[in-house]
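Colleague: PDB, C-alpha atoms, saved as model-v6.pdb, coming up:
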```
ATOM      1  CA  MET A   1      -1.340 -79.864  -9.889
ATOM      2  CA  ILE A   2      -2.068 -80.957  -6.338
ATOM      3  CA  SER A   3      -4.182 -77.880  -5.743
ATOM      4  CA  ASN A   4      -6.134 -78.689  -8.919
ATOM      5  CA  TYR A   5      -6.700 -82.187  -7.601
ATOM      6  CA  ILE A   6      -7.879 -80.856  -4.256
ATOM      7  CA  ILE A   7     -10.263 -78.443  -5.994
ATOM      8  CA  ASN A   8     -11.532 -81.311  -8.173
ATOM      9  CA  ILE A   9     -12.527 -83.283  -5.072
ATOM     10  CA  PHE A  10     -15.379 -80.856  -4.615
ATOM     11  CA  THR A  11     -16.748 -81.643  -8.050
ATOM     12  CA  PRO A  12     -18.934 -84.733  -8.504
ATOM     13  CA  THR A  13     -16.481 -86.617 -10.759
ATOM     14  CA  GLY A  14     -13.516 -85.563  -8.660
ATOM     15  CA  PHE A  15     -15.264 -86.783  -5.535
ATOM     16  CA  VAL A  16     -15.953 -90.161  -7.129
ATOM     17  CA  ASP A  17     -12.277 -90.434  -8.107
ATOM     18  CA  PHE A  18     -11.306 -89.580  -4.553
ATOM     19  CA  ILE A  19     -13.621 -92.315  -3.233
ATOM     20  CA  GLY A  20     -11.990 -94.741  -5.671
ATOM     21  CA  LEU A  21      -8.543 -93.830  -4.360
ATOM     22  CA  LEU A  22      -9.747 -94.166  -0.786
ATOM     23  CA  ILE A  23     -11.123 -97.631  -1.558
ATOM     24  CA  ILE A  24      -7.769 -98.702  -2.998
ATOM     25  CA  VAL A  25      -6.009 -97.545   0.176
ATOM     26  CA  LEU A  26      -8.568 -99.438   2.313
ATOM     27  CA  GLU A  27      -8.088-102.532   0.191
ATOM     28  CA  LEU A  28      -4.324-102.346   0.654
ATOM     29  CA  LEU A  29      -4.849-102.242   4.405
ATOM     30  CA  TYR A  30      -7.325-105.095   4.187
ATOM     31  CA  LEU A  31      -4.855-107.159   2.147
ATOM     32  CA  PHE A  32      -2.401-106.764   5.002
ATOM     33  CA  VAL A  33      -5.116-107.775   7.495
ATOM     34  CA  SER A  34      -6.004-110.860   5.440
ATOM     35  CA  PHE A  35      -2.315-111.815   5.364
ATOM     36  CA  ILE A  36      -2.205-111.507   9.159
ATOM     37  CA  ILE A  37      -5.297-113.713   9.383
ATOM     38  CA  MET A  38      -3.530-116.321   7.237
ATOM     39  CA  ARG A  39      -0.534-116.332   9.572
ATOM     40  CA  GLU A  40      -2.800-116.347  12.582
ATOM     41  CA  VAL A  41      -4.614-119.455  11.290
ATOM     42  CA  ALA A  42      -1.250-121.163  10.754
ATOM     43  CA  LEU A  43      -0.270-120.375  14.340
ATOM     44  CA  MET A  44      -3.626-121.546  15.669
ATOM     45  CA  ASN A  45      -3.410-124.807  13.721
ATOM     46  CA  ARG A  46       0.043-125.432  15.181
ATOM     47  CA  SER A  47      -1.257-124.813  18.702
ATOM     48  CA  LEU A  48      -4.371-126.954  18.330
ATOM     49  CA  LYS A  49      -4.338-129.704  15.728
ATOM     50  CA  THR A  50      -7.779-130.696  14.474
ATOM     51  CA  ASP A  51      -9.498-132.296  11.469
ATOM     52  CA  ALA A  52     -10.492-128.864  10.295
ATOM     53  CA  ALA A  53      -6.939-127.513  10.009
ATOM     54  CA  LYS A  54      -6.850-127.865   6.230
ATOM     55  CA  LEU A  55     -10.276-126.255   5.890
ATOM     56  CA  PHE A  56      -9.176-123.209   7.876
ATOM     57  CA  THR A  57      -5.867-122.936   6.011
ATOM     58  CA  VAL A  58      -7.567-123.110   2.618
ATOM     59  CA  SER A  59     -10.287-120.656   3.710
ATOM     60  CA  ALA A  60      -7.726-118.150   4.946
ATOM     61  CA  PHE A  61      -5.733-118.525   1.718
ATOM     62  CA  ILE A  62      -8.825-118.053  -0.461
ATOM     63  CA  HIS A  63      -9.745-114.997   1.585
ATOM     64  CA  PHE A  64      -6.267-113.552   1.040
ATOM     65  CA  MET A  65      -6.387-114.283  -2.706
ATOM     66  CA  LEU A  66      -9.813-112.638  -3.012
ATOM     67  CA  ALA A  67      -8.430-109.536  -1.297
ATOM     68  CA  LEU A  68      -5.484-109.534  -3.723
ATOM     69  CA  ILE A  69      -7.734-110.024  -6.753
ATOM     70  CA  LEU A  70      -9.988-107.218  -5.562
ATOM     71  CA  LEU A  71      -7.016-104.902  -5.183
ATOM     72  CA  VAL A  72      -5.783-105.714  -8.695
ATOM     73  CA  ILE A  73      -9.276-105.179 -10.164
ATOM     74  CA  SER A  74      -9.617-101.883  -8.332
ATOM     75  CA  ILE A  75      -6.247-100.573  -9.496
ATOM     76  CA  ALA A  76      -7.010-101.660 -13.061
ATOM     77  CA  THR A  77     -10.494-100.217 -13.282
ATOM     78  CA  LEU A  78     -10.756 -97.299 -10.897
TER
ATOM     79  CA  MET B   1     -15.705-133.128  11.376
ATOM     80  CA  LEU B   2     -18.990-131.292  11.868
ATOM     81  CA  LYS B   3     -18.921-132.249  15.522
ATOM     82  CA  THR B   4     -15.371-130.929  15.838
ATOM     83  CA  LEU B   5     -16.358-127.701  14.102
ATOM     84  CA  PHE B   6     -19.489-126.760  15.993
ATOM     85  CA  CYS B   7     -19.464-128.586  19.307
ATOM     86  CA  ALA B   8     -18.608-126.733  22.496
ATOM     87  CA  LEU B   9     -18.174-129.858  24.590
ATOM     88  CA  LEU B  10     -16.236-132.842  23.274
ATOM     89  CA  GLU B  11     -15.581-135.994  25.241
ATOM     90  CA  SER B  12     -12.499-138.051  24.349
ATOM     91  CA  PRO B  13     -12.104-136.384  20.946
ATOM     92  CA  LYS B  14     -10.270-138.608  18.534
ATOM     93  CA  ASN B  15      -8.665-136.161  16.116
ATOM     94  CA  ILE B  16      -7.566-133.317  18.326
ATOM     95  CA  ALA B  17      -4.057-132.735  19.603
ATOM     96  CA  PHE B  18      -2.310-129.717  21.027
ATOM     97  CA  ASP B  19       1.176-128.326  20.926
ATOM     98  CA  GLY B  20       3.205-129.752  23.801
ATOM     99  CA  GLU B  21       1.079-132.854  24.277
ATOM    100  CA  ASP B  22       3.024-135.757  25.768
ATOM    101  CA  ASN B  23       3.084-139.165  24.113
ATOM    102  CA  ASP B  24       1.281-140.807  27.006
ATOM    103  CA  GLU B  25      -1.165-137.962  27.422
ATOM    104  CA  LYS B  26      -4.793-138.496  26.510
ATOM    105  CA  ILE B  27      -7.281-135.703  25.973
ATOM    106  CA  LEU B  28     -10.346-136.410  28.073
ATOM    107  CA  TYR B  29     -12.445-133.324  27.377
ATOM    108  CA  VAL B  30     -12.341-130.248  25.195
ATOM    109  CA  PHE B  31     -14.543-127.300  26.092
ATOM    110  CA  ARG B  32     -15.260-124.092  24.269
ATOM    111  CA  ARG B  33     -17.520-121.165  25.029
ATOM    112  CA  SER B  34     -21.145-122.028  24.403
ATOM    113  CA  MET B  35     -22.274-121.626  20.801
ATOM    114  CA  ILE B  36     -24.837-119.059  21.967
ATOM    115  CA  THR B  37     -21.998-116.642  22.780
ATOM    116  CA  ASN B  38     -21.474-116.278  19.030
ATOM    117  CA  ILE B  39     -24.921-114.785  18.516
ATOM    118  CA  ASP B  40     -23.676-111.186  18.625
ATOM    119  CA  TRP B  41     -21.265-111.426  15.706
ATOM    120  CA  MET B  42     -23.695-113.650  13.803
ATOM    121  CA  ILE B  43     -26.342-110.923  14.008
ATOM    122  CA  VAL B  44     -23.818-108.317  12.897
ATOM    123  CA  THR B  45     -22.811-110.565   9.967
ATOM    124  CA  PHE B  46     -26.463-110.977   8.993
ATOM    125  CA  PHE B  47     -26.941-107.213   8.851
ATOM    126  CA  LEU B  48     -23.659-106.699   7.027
ATOM    127  CA  LEU B  49     -24.769-109.205   4.370
ATOM    128  CA  PHE B  50     -27.982-107.335   3.661
ATOM    129  CA  THR B  51     -26.614-103.784   3.837
ATOM    130  CA  PRO B  52     -25.600-103.558   0.127
ATOM    131  CA  THR B  53     -29.075-104.707  -0.934
ATOM    132  CA  VAL B  54     -30.793-102.191   1.323
ATOM    133  CA  ALA B  55     -28.413 -99.444   0.212
ATOM    134  CA  SER B  56     -29.109-100.158  -3.462
ATOM    135  CA  ILE B  57     -32.871-100.077  -2.828
ATOM    136  CA  ILE B  58     -32.550 -96.718  -1.081
ATOM    137  CA  PHE B  59     -30.241 -95.440  -3.829
ATOM    138  CA  SER B  60     -32.728 -96.473  -6.509
ATOM    139  CA  PHE B  61     -35.041 -93.720  -5.219
ATOM    140  CA  ALA B  62     -32.419 -91.066  -5.982
ATOM    141  CA  SER B  63     -32.597 -89.002  -9.134
ATOM    142  CA  PRO B  64     -31.142 -90.464 -12.380
ATOM    143  CA  GLU B  65     -28.384 -87.804 -12.354
ATOM    144  CA  THR B  66     -27.272 -88.936  -8.900
ATOM    145  CA  GLN B  67     -27.473 -92.598  -9.895
ATOM    146  CA  ASN B  68     -25.321 -91.989 -12.981
ATOM    147  CA  LEU B  69     -22.724 -90.256 -10.829
ATOM    148  CA  ILE B  70     -21.470 -93.559  -9.429
ATOM    149  CA  PRO B  71     -19.945 -95.722 -12.170
ATOM    150  CA  THR B  72     -20.884 -99.402 -12.313
ATOM    151  CA  ARG B  73     -17.294-100.501 -11.766
ATOM    152  CA  LEU B  74     -17.124 -98.534  -8.509
ATOM    153  CA  THR B  75     -20.374-100.137  -7.343
ATOM    154  CA  PHE B  76     -18.995-103.572  -8.208
ATOM    155  CA  VAL B  77     -15.750-102.941  -6.323
ATOM    156  CA  LEU B  78     -17.601-101.527  -3.318
ATOM    157  CA  ASN B  79     -19.926-104.529  -3.157
ATOM    158  CA  PHE B  80     -17.057-107.008  -3.583
ATOM    159  CA  PHE B  81     -15.085-105.287  -0.833
ATOM    160  CA  TRP B  82     -18.091-105.165   1.470
ATOM    161  CA  TYR B  83     -18.808-108.909   1.115
ATOM    162  CA  LEU B  84     -15.135-109.742   1.458
ATOM    163  CA  PHE B  85     -14.962-107.712   4.649
ATOM    164  CA  THR B  86     -18.101-109.477   5.958
ATOM    165  CA  LEU B  87     -16.555-112.848   5.144
ATOM    166  CA  GLY B  88     -13.343-111.874   6.921
ATOM    167  CA  TYR B  89     -15.242-110.590   9.948
ATOM    168  CA  ALA B  90     -17.289-113.804  10.269
ATOM    169  CA  PHE B  91     -14.251-116.019   9.672
ATOM    170  CA  GLN B  92     -12.128-114.175  12.255
ATOM    171  CA  ASN B  93     -14.859-114.429  14.870
ATOM    172  CA  PHE B  94     -15.460-118.104  14.165
ATOM    173  CA  ILE B  95     -11.815-119.114  14.433
ATOM    174  CA  ASN B  96     -11.499-117.091  17.618
ATOM    175  CA  TRP B  97     -14.345-119.115  19.092
ATOM    176  CA  PHE B  98     -13.020-122.389  17.668
ATOM    177  CA  PHE B  99      -9.452-122.096  18.856
ATOM    178  CA  ASN B 100     -10.131-120.675  22.318
ATOM    179  CA  VAL B 101     -10.358-123.995  24.080
ATOM    180  CA  TYR B 102     -10.121-125.487  27.534
ATOM    181  CA  ILE B 103      -8.639-128.960  27.554
ATOM    182  CA  ILE B 104      -8.589-131.568  30.274
ATOM    183  CA  THR B 105      -6.184-134.427  29.807
ATOM    184  CA  ASN B 106      -5.287-137.311  32.077
ATOM    185  CA  LYS B 107      -2.382-135.181  33.349
ATOM    186  CA  ARG B 108      -3.296-131.494  33.287
ATOM    187  CA  ILE B 109      -5.708-128.752  32.434
ATOM    188  CA  PHE B 110      -4.879-126.494  29.572
ATOM    189  CA  ASP B 111      -6.262-123.090  28.593
ATOM    190  CA  LEU B 112      -5.559-121.847  25.092
ATOM    191  CA  ASP B 113      -6.489-118.198  24.478
ATOM    192  CA  PHE B 114      -6.292-116.257  21.251
ATOM    193  CA  VAL B 115      -7.502-112.682  21.485
ATOM    194  CA  GLY B 116      -7.748-110.668  18.284
ATOM    195  CA  PHE B 117      -4.926-111.087  15.778
ATOM    196  CA  LEU B 118      -1.833-110.746  17.825
ATOM    197  CA  TYR B 119      -2.322-112.217  21.282
ATOM    198  CA  LYS B 120      -1.843-115.822  22.296
ATOM    199  CA  ASN B 121      -1.835-117.072  25.850
ATOM    200  CA  ILE B 122      -1.413-120.658  26.993
ATOM    201  CA  SER B 123      -1.851-121.694  30.595
ATOM    202  CA  GLU B 124      -1.588-125.177  32.026
ATOM    203  CA  ALA B 125      -1.597-126.781  35.420
ATOM    204  CA  PRO B 126      -1.167-130.394  36.551
ATOM    205  CA  LEU B 127      -4.351-132.054  37.755
ATOM    206  CA  SER B 128      -2.662-132.765  41.074
ATOM    207  CA  ASN B 129      -2.431-129.021  41.728
ATOM    208  CA  ILE B 130      -6.156-128.404  41.451
ATOM    209  CA  GLU B 131      -7.545-127.440  44.820
ATOM    210  CA  ASP B 132     -11.035-126.198  44.229
ATOM    211  CA  VAL B 133     -13.624-126.128  41.436
ATOM    212  CA  THR B 134     -16.618-123.776  41.385
ATOM    213  CA  SER B 135     -19.294-123.235  38.764
ATOM    214  CA  THR B 136     -21.347-120.080  38.322
ATOM    215  CA  VAL B 137     -24.357-119.352  36.167
ATOM    216  CA  SER B 138     -25.642-115.801  36.327
ATOM    217  CA  GLY B 139     -27.691-113.677  33.985
ATOM    218  CA  THR B 140     -30.860-114.316  32.003
ATOM    219  CA  LEU B 141     -29.268-115.727  28.851
ATOM    220  CA  ARG B 142     -26.938-117.965  30.828
ATOM    221  CA  ILE B 143     -29.786-119.417  32.860
ATOM    222  CA  ILE B 144     -31.969-119.961  29.798
ATOM    223  CA  PHE B 145     -29.248-121.610  27.744
ATOM    224  CA  ASN B 146     -27.397-123.179  30.672
ATOM    225  CA  TYR B 147     -23.899-121.906  30.209
ATOM    226  CA  GLY B 148     -21.583-120.252  32.692
ATOM    227  CA  THR B 149     -18.153-120.057  34.215
ATOM    228  CA  VAL B 150     -16.179-122.786  35.918
ATOM    229  CA  ASN B 151     -13.510-121.387  38.185
ATOM    230  CA  ILE B 152     -10.598-123.669  39.038
ATOM    231  CA  GLN B 153      -8.248-122.806  41.878
ATOM    232  CA  THR B 154      -4.812-124.332  41.654
ATOM    233  CA  ALA B 155      -1.610-124.395  43.633
ATOM    234  CA  ALA B 156       0.347-123.797  40.429
ATOM    235  CA  GLU B 157       1.947-120.613  39.071
ATOM    236  CA  GLN B 158      -1.367-119.743  37.435
ATOM    237  CA  ARG B 159      -3.580-119.598  40.538
ATOM    238  CA  GLU B 160      -6.921-119.511  38.782
ATOM    239  CA  PHE B 161      -8.304-120.915  35.601
ATOM    240  CA  ASP B 162     -11.604-119.606  34.364
ATOM    241  CA  PHE B 163     -13.489-121.733  31.888
ATOM    242  CA  THR B 164     -15.677-118.886  30.718
ATOM    243  CA  ASP B 165     -19.174-119.402  29.287
ATOM    244  CA  VAL B 166     -18.882-123.164  28.883
ATOM    245  CA  PRO B 167     -22.081-125.163  28.328
ATOM    246  CA  ARG B 168     -23.458-127.114  31.278
ATOM    247  CA  PRO B 169     -21.035-125.689  33.839
ATOM    248  CA  SER B 170     -22.367-127.883  36.653
ATOM    249  CA  MET B 171     -21.586-130.970  34.619
ATOM    250  CA  VAL B 172     -18.134-129.596  33.767
ATOM    251  CA  ARG B 173     -17.469-128.910  37.442
ATOM    252  CA  ASP B 174     -18.607-132.418  38.286
ATOM    253  CA  ILE B 175     -16.378-133.918  35.581
ATOM    254  CA  ILE B 176     -13.324-132.098  36.882
ATOM    255  CA  SER B 177     -14.121-133.030  40.489
ATOM    256  CA  ASP B 178     -14.514-136.680  39.521
ATOM    257  CA  ILE B 179     -11.211-136.665  37.650
ATOM    258  CA  ILE B 180      -9.459-135.148  40.683
ATOM    259  CA  ALA B 181     -11.116-137.676  42.998
ATOM    260  CA  ASP B 182     -10.017-140.574  40.762
ATOM    261  CA  LEU B 183      -6.500-139.164  40.679
ATOM    262  CA  ASN B 184      -6.366-138.855  44.469
ATOM    263  CA  SER B 185      -7.729-142.322  45.024
TER
END
```
Could the structure of this file be written out as structure tokens, please?
Modeller:
Amino acid sequence: MISNYIINIFTPTGFVDFIGLLIIVLELLYLFVSFIIMREVALMNRSLKTDAAKLFTVSAFIHFMLALILLVISIATL
Amino acid sequence: MLKTLFCALLESPKNIAFDGEDNDEKILYVFRRSMITNIDWMIVTFFLLFTPTVASIIFSFASPETQNLIPTRLTFVLNFFWYLFTLGYAFQNFINWFFNVYIITNKRIFDLDFVGFLYKNISEAPLSNIEDVTSTVSGTLRIIFNYGTVNIQTAAEQREFDFTDVPRPSMVRDIISDIIADLNS
């Protein structure tokens, strides 16, 4: 079955499916990165307290949620 | 808030505090790297934003069979991911600029460094330990836009503080020298 899948990669539809799978893996990694960014913003806001703390926190959270939504959409549709 | 967000030189900022600030400590100045130092990632962001449009224009010249090969949902996901990545890239670079600050209070100087995702470095030295202040402006861009490095020699554990690429370095040097002179008098 795996060998069939590997052979299919060299067909146009198989290649597109492979790209879809690759994108899902990249999105998983990016979700992790966006989570790190969220934690990083929290740490930065603790180190330097400014008016813009809430703005950065919300922006980082929205960014994380968009990454999560994208991952869900990709898994559902690809 | 706009001033707090985009200014590289703040005098007596009202709504800024830092971790470890004493009750009787007053922030006199906050410096960041000059806004012009952000031009490189801004240009990259600009190109990243327009890449999907350019790619779709180029792809539109391909044959219909090739165009039908890529399903619409894959194109949507690719575009979404691309713009999300661009947003993340710009955001990460902006907060790195914003939170890398040099602070002068009535008691000490303070250097807050965040590099990448996982590195944080905080250095501080009492004002009384400052021995020497030097400013340097070198390079075409730095001379045109008047930003450079202020090097502070101290007698503390951290021997040197470098306020890198701050705007108006001569003025910053002068400010620090005046503060030290007032302290000594």
Colleague: Which one is closest to A:Ser74: B:Asn23, B:Gln92, B:Thr75, B:Asn68? Count all atoms listed in the file.
Modeller: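 For A:Ser74, the nearest of the candidates is B:Thr75.
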Colleague: Write down, as a ChimeraX atom specification, each residue of chain A that has any atom within 10 Å of an atom of chain B, counting all atoms listed in the file.
Modeller: /A:12-13,15-17,19-20,23-24,26-27,30,33-34,36-37,39-41,43-52,56,59-60,63-64,66-67,70-71,73-74,77-78
Colleague: Could you list, as a ChimeraX atom specification, every residue within 7 Å of stretch 168-178 of chain B, counting all atoms listed in the file and ignoring same-chain residues fewer than 4 positions away?
Modeller: /B:133-135,146-150,182
Colleague: List every protein, DNA or RNA residue with an atom no more than 8 Å from (-13.5, -120.3, 29.0) in the file's coordinates, counting only C-alpha atoms, and format the result as a ChimeraX atom specification.
Modeller: /B:31-33,100-102,111,149-150,162-166
Colleague: Report the centre and edge lengths, in Å to one decimal, of an axis-aligned box enclosing every atom of stretch 23-33 of chain A listed in the file, padded by 5 Å on each side, as AutoDock Vina command-line options.
Modeller:
```
--center_x -6.8 --center_y -102.7 --center_z 2.2 --size_x 18.7 --size_y 20.2 --size_z 20.5
```
Colleague: Got a sec: who's within 10 Å of B:Ile130, counting only C-alpha atoms, leaving out chain neighbours fewer than 3 positions off, as a VMD selection string?
Modeller: chain B and resid 108 to 109 125 to 127 133 152 to 156 159 to 161 176 to 177 180
Colleague: Identify which of the residues B:Asn79, B:Thr72, B:Thr86, B:Ser63 lies closest to B:Leu49, counting only C-alpha atoms when measuring atom-to-atom distances.
Modeller: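 Among the listed residues, the smallest separation from B:Leu49 belongs to B:Thr86.
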Colleague: Using the incomplete input, complete stretch 46-60 of chain A to the level of N, CA and C atoms; output as a compact mmCIF listing (two decimals), in the coordinates of the input.
Modeller:
```txt
# COMPACT_ATOMS: atom_id res chain seq x y z
N ARG A 46 -1.13 -124.81 14.52
CA ARG A 46 0.04 -125.43 15.18
C ARG A 46 -0.23 -125.64 16.66
N SER A 47 -0.97 -124.72 17.26
CA SER A 47 -1.26 -124.81 18.70
C SER A 47 -2.30 -125.89 18.99
N LEU A 48 -3.30 -125.96 18.13
CA LEU A 48 -4.37 -126.95 18.33
C LEU A 48 -4.61 -127.67 17.01
N LYS A 49 -4.24 -128.93 16.98
CA LYS A 49 -4.34 -129.70 15.73
C LYS A 49 -5.69 -130.40 15.68
N THR A 50 -6.44 -130.10 14.62
CA THR A 50 -7.78 -130.70 14.47
C THR A 50 -7.97 -131.18 13.03
N ASP A 51 -9.12 -131.86 12.82
CA ASP A 51 -9.50 -132.30 11.47
C ASP A 51 -9.69 -131.12 10.54
N ALA A 52 -10.08 -130.01 11.11
CA ALA A 52 -10.49 -128.86 10.30
C ALA A 52 -9.32 -127.96 9.93
N ALA A 53 -8.11 -128.37 10.25
CA ALA A 53 -6.94 -127.51 10.01
C ALA A 53 -6.82 -127.12 8.53
N LYS A 54 -6.98 -128.13 7.66
CA LYS A 54 -6.85 -127.86 6.23
C LYS A 54 -7.94 -126.90 5.76
N LEU A 55 -9.14 -127.11 6.27
CA LEU A 55 -10.28 -126.26 5.89
C LEU A 55 -9.99 -124.80 6.24
N PHE A 56 -9.47 -124.58 7.45
CA PHE A 56 -9.18 -123.21 7.88
C PHE A 56 -8.03 -122.61 7.05
N THR A 57 -7.02 -123.42 6.79
CA THR A 57 -5.87 -122.94 6.01
C THR A 57 -6.31 -122.52 4.61
N VAL A 58 -7.09 -123.39 3.98
CA VAL A 58 -7.57 -123.11 2.62
C VAL A 58 -8.48 -121.88 2.62
N SER A 59 -9.36 -121.81 3.61
CA SER A 59 -10.29 -120.66 3.71
C SER A 59 -9.52 -119.35 3.87
N ALA A 60 -8.51 -119.37 4.73
CA ALA A 60 -7.73 -118.15 4.95
C ALA A 60 -6.97 -117.77 3.67
```
